[in-house]
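Visitor: Here you go, one structure.
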Amino acid sequence: MINAIVLIHAESHRIPETAQAIADIPGVDQVYSCAGDVDLIAIVRVRDHEAVAEVVTQRINKVEGVVKTTTNIAFQSYSSADVEAGFSLGE
């Protein structure tokens with residue numbers, strides 16, 4: 001399974017509609033509206049890299065209101081328990 005984090009710049013007056021349209025795309029697991037450098041963050045979970053390319057370039061980038069995207073591929077996932085275990089002194 002490939003996990004990708006897609007940072008999305010959107011037209012400010014269309015953020016809710018744009019977020020919902022992206023959330024409805026198969027392969028998109030979650031969409032967050034956020035403060036900061038980007039307007040939306042989409043979590044894409046698909047079987048292979050070709051599917052990432054299809055979801056992002058053929059689907060997300062064509063949603064009305066999307067201005068620009070940046071895609072990051074995740075290598076490893078860490079939970080809070082994993083991080084705590086990594087810093088544990090074995091007590």
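As shown in the structure tokens, the chain order sets the letters A, B, ...; within each chain, residues go from 1, and ligands are also counted from 1 in the order they appear.
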Find the residues near Gly36 (chain A): any atom within 12 Å, counting only C-alpha atoms, skip ones fewer than 6 places away on the same chain, and give them as a ChimeraX atom specification.

Guide: /A:7-9

Visitor: Tell me, as a PyMOL selection string, which residues lie within 9 Å of Glu64 (chain A), counting only C-alpha atoms; anything in the same chain fewer than 3 positions away does not count.

Guide: chain A and resi 10-11+14+17-18+21+60-61+67

Visitor: Calculated over only C-alpha atoms, which of the candidates A:Ile25, A:Ala19, A:Ala51, A:Val56 has the smallest distance to Asp39 (chain A)?

Guide: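 The answer is A:Ala19, which sits nearest to Asp39 (chain A).
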
Visitor: DSSP on the backbone: what in region 22-84 of chain A comes out strand (DSSP E), as a PyMOL selection string?

Guide: chain A and resi 28-33+40-46+66-73

Visitor: Using only C-alpha atoms, pick whichever of A:Val55, A:Val66, A:Ala81, A:Val6 has the shortest atom-to-atom distance to Tyr32 (chain A).

Guide: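 Distance minimum relative to Tyr32 (chain A) lands on A:Val6.
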
Visitor: Which residue, A:Val31, A:Val38, A:Val52, A:Met1, has the smallest gap to Pro16 (chain A) when you use only C-alpha atoms?

Guide: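 Once distances to Pro16 (chain A) are computed over only C-alpha atoms, the minimum belongs to A:Val31.
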
Visitor: Could you give me, as a list in words, each residue of chain A that DSSP assigns to alpha helix (DSSP H) when run on this structure's backbone?

Guide: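 Across chain A, those assigned alpha helix (DSSP H) are Ile15, Pro16, Glu17, Thr18, Ala19, Gln20, Ala21, Ile22, Ala23, His49, Glu50, Ala51, Val52, Ala53, Ser80, Ala81, Asp82, Val83, Glu84, Ala85, Gly86 and Phe87 of chain A.
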
Visitor: Could you tell me which of A:Gln20, A:Thr69, A:Gly27, A:Ile5 comes closest to Glu54 (chain A) if we count only C-alpha atoms?

Guide: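 That would be A:Gly27, the residue with the smallest distance to Glu54 (chain A).
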
Visitor: I want to know what sits within 8 Å of Ala74 (chain A), based on only C-alpha atoms, with residues of the same chain fewer than 5 positions away left out; could you give that as a PDB file with N, CA and C atoms, in the first residue's frame?

Guide:
ATOM      1  N   ILE A   2       0.584   2.180  -0.867  1.00  0.00           N
ATOM      2  CA  ILE A   2       1.304   3.447  -0.961  1.00  0.00           C
ATOM      3  C   ILE A   2       0.483   4.516  -0.258  1.00  0.00           C
ATOM      4  N   ASN A   3       1.131   5.269   0.624  1.00  0.00           N
ATOM      5  CA  ASN A   3       0.496   6.406   1.286  1.00  0.00           C
ATOM      6  C   ASN A   3       1.138   7.674   0.760  1.00  0.00           C
ATOM      7  N   ALA A   4       0.322   8.606   0.340  1.00  0.00           N
ATOM      8  CA  ALA A   4       0.824   9.889  -0.148  1.00  0.00           C
ATOM      9  C   ALA A   4       0.089  11.012   0.574  1.00  0.00           C
ATOM     10  N   ILE A   5       0.835  12.067   0.870  1.00  0.00           N
ATOM     11  CA  ILE A   5       0.264  13.257   1.484  1.00  0.00           C
ATOM     12  C   ILE A   5       0.285  14.328   0.403  1.00  0.00           C
TER      13      ILE A   5
END

Visitor: A:Ser33, A:Val63, A:Ile73, A:Ser80: which is nearest Arg45 (chain A), counting only C-alpha atoms?

Guide: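 Among the listed residues, A:Ile73 lies closest to Arg45 (chain A).
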